[in-house]
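As structure tokens, the structure follows; a few thoughts come after it.
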Amino acid sequence: MNIYLGSENISIGGKVEFIKCSACNFDSFRLELSADTDMVYQDVIGFVNKEHKELLLTHLSDEEFHNFSNYSGNQLSERVNTVFKGNGFTFYKSKHFTDQNDEEYWAPVCPKCESSFQTERKISLEDFIKEGGKVITYSLYDKFY
């Protein structure tokens, strides 16, 4: 099964990562994209609707892409929910955390307590769909805001 975002086949490098907060046990999932080079998916972003088990894949706007570090996950989510009429999509932005050995690592941030999420398991986009998930692609995101 191939999943496209515009003309890009994202099914090859797309994984759904099931995550759980290390502090409050809030659980969810998120998009993880990987490719031979970072250039392939550099402007693709994934939003989740946990309640409906939906994953929305779209492109960042030019403004968001060039100033990504200045945007919070809430700001990105607010924009996509405006486009989709408040459908409850969330983006889990990652940040640096430090473990008990003072080593830094990147992890998505829990929206409930701002602790780090830990990966429980990863599956392909195809398996996510087989398990009842829905993948929505919307390549013209930038044009509607």
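Every chain in the structure tokens has a letter given in the order shown (A, B, ...), and although residue numbers restart at 1 in each chain, ligands are simply numbered from 1 in the order shown.
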| said: Considering only helix (DSSP H, G or I) as DSSP defines it on the backbone, what residues of chain A qualify? List them as a PyMOL selection string. | reply: chain A and resi 62-66+68-70+73-83+125-130+141-144
Taken to one decimal, the atom CA of Asn9 of chain A-atom CA of His52 of chain A distance is 23.9 Å
- Task: Please identify which residues in chain A DSSP calls strand (DSSP E or B) from the backbone, and express them as a ChimeraX atom specification.
- Result: /A:4-5,8-9,14-21,27-33,44-49,54-59,90,94-98,104-109,116-124,134-138
* Residues within 12 Å of segment 71-86 of chain A, only C-alpha atoms, excluding chain neighbours under 4 positions, as a ChimeraX atom specification -> /A:45-49,56-61,63-67,90-95,108-111,114,136,138,140-145
**Study point:** Neighbour list for segment 115-121 of chain A as a PyMOL selection string, cut-off 8 Å, only C-alpha atoms, skip fewer than 3 positions in-chain
**Key:** chain A and resi 17-23+97+107-110
